[in-house]
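Below is one structure, written out as structure tokens; the observations come after it.
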Amino acid sequence: MENRPTRRLRIFLRDFRMLEATVNLADGQALASYFANRKSYVNLSAAHWTGTGDDVKHAVLKVEQVLWAASLDNDIPLTSASAAIAGRAVEMQLDGGLLLRGALILSDQQRLSDYLEIASPFVPVMNAQLLRSGRPPKKVNVELGGVVLNQEAIQAVWEVDVQALARGVEPD
């Protein structure tokens with residue numbers, strides 16, 4: 001068996017727990033395809049649950065429990081799709097009342113519903129931000145950066161006007 005490079009991930013679970021762990025990826029493998037190609041479980045090494053401080057040398061995590069995942073060191077591409085596409089700004093209502101803003105990698109003429117229908121079970125989201133989410137009110141609670149988002153947790157998606165946001169006008 002070949003030695004695969006290890007990469008560090010931050011994984012946010014659907015029950016709002018978070019962990020950091022190491023996974024083995026094939027050289028050049030994108031994060032979206034890594035999660036999409038797991039049938040039920042993902043192998044984790046050096047897992048650390050941030051809320052409890054629990055450390056585990058090796059664990060297996062049920063993939064359907066992942067809400068989103070990101071590279072801790074920004075050394076894993078989100079997708080193998082062309083980075084030349086700037087993406088379209090969207091907001092997504094997620095399980096648990098979470099609101100996420102980011103950019104989906106789809107072309108100008110592609111319909112949002114068509115993209116989501118054919119997209120991988122884990123959708124790459126660029127420049128993701130966790131917005132108002134029931135905590136003390138802030139427009140942006142957390143800057144997440146590039147993440148892959150579990151489609152099972154998406155309740156609704158809509159496009160937002162990037163120019164209006166740049167002017168400080170919040171979408172309706």
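Just so we're on the same page: first chain in the structure tokens is A, next is B, and so on; residues restart at 1 for each chain, and ligands are numbered from 1 in the order they show up.
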Output as CSV one row per residue of region 87-163 of chain A within 10 Å of region 23-34 of chain A: the closest atom pair and its distance in Å to one decimal place, counting only C-alpha atoms, sorted by chain and residue number ascending.
residue,atom,partner,partner_atom,distance
A:Ala119,CA,A:Ala32,CA,9.8
A:Ser120,CA,A:Ala32,CA,7.1
A:Pro121,CA,A:Ala32,CA,8.1
A:Phe122,CA,A:Ala32,CA,5.4
A:Val123,CA,A:Ala32,CA,6.4
A:Pro124,CA,A:Ala32,CA,6.2
A:Val125,CA,A:Ala32,CA,9.8
A:Val147,CA,A:Leu31,CA,8.4
A:Val148,CA,A:Ala32,CA,5.8
A:Leu149,CA,A:Ala32,CA,8.4
A:Asn150,CA,A:Ala32,CA,9.4
Practice task
Using only C-alpha atoms, find the one residue out of A:Leu72, A:Ala103, A:Ala86, A:Val63 that sits nearest to Thr22 (chain A).
Solution key: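 Between A:Leu72, A:Ala103, A:Ala86, A:Val63, the residue approaching Thr22 (chain A) most closely is A:Leu72.
One finds CA of Ser40 (chain A) at 20.3 Å from CA of Arg4 (chain A).
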Problem - Using only C-alpha atoms: which of A:Leu94, A:Val66, A:Ala89, A:Leu19 has the shortest distance to Ser107 (chain A) - result: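 Distance minimum relative to Ser107 (chain A) lands on A:Ala89.
Remark: for Gly145 (chain A), the closest of the candidate residues A:Ala128, A:Gln110, A:Val157, A:Ala59 is A:Ala128 (distances computed over only C-alpha atoms).
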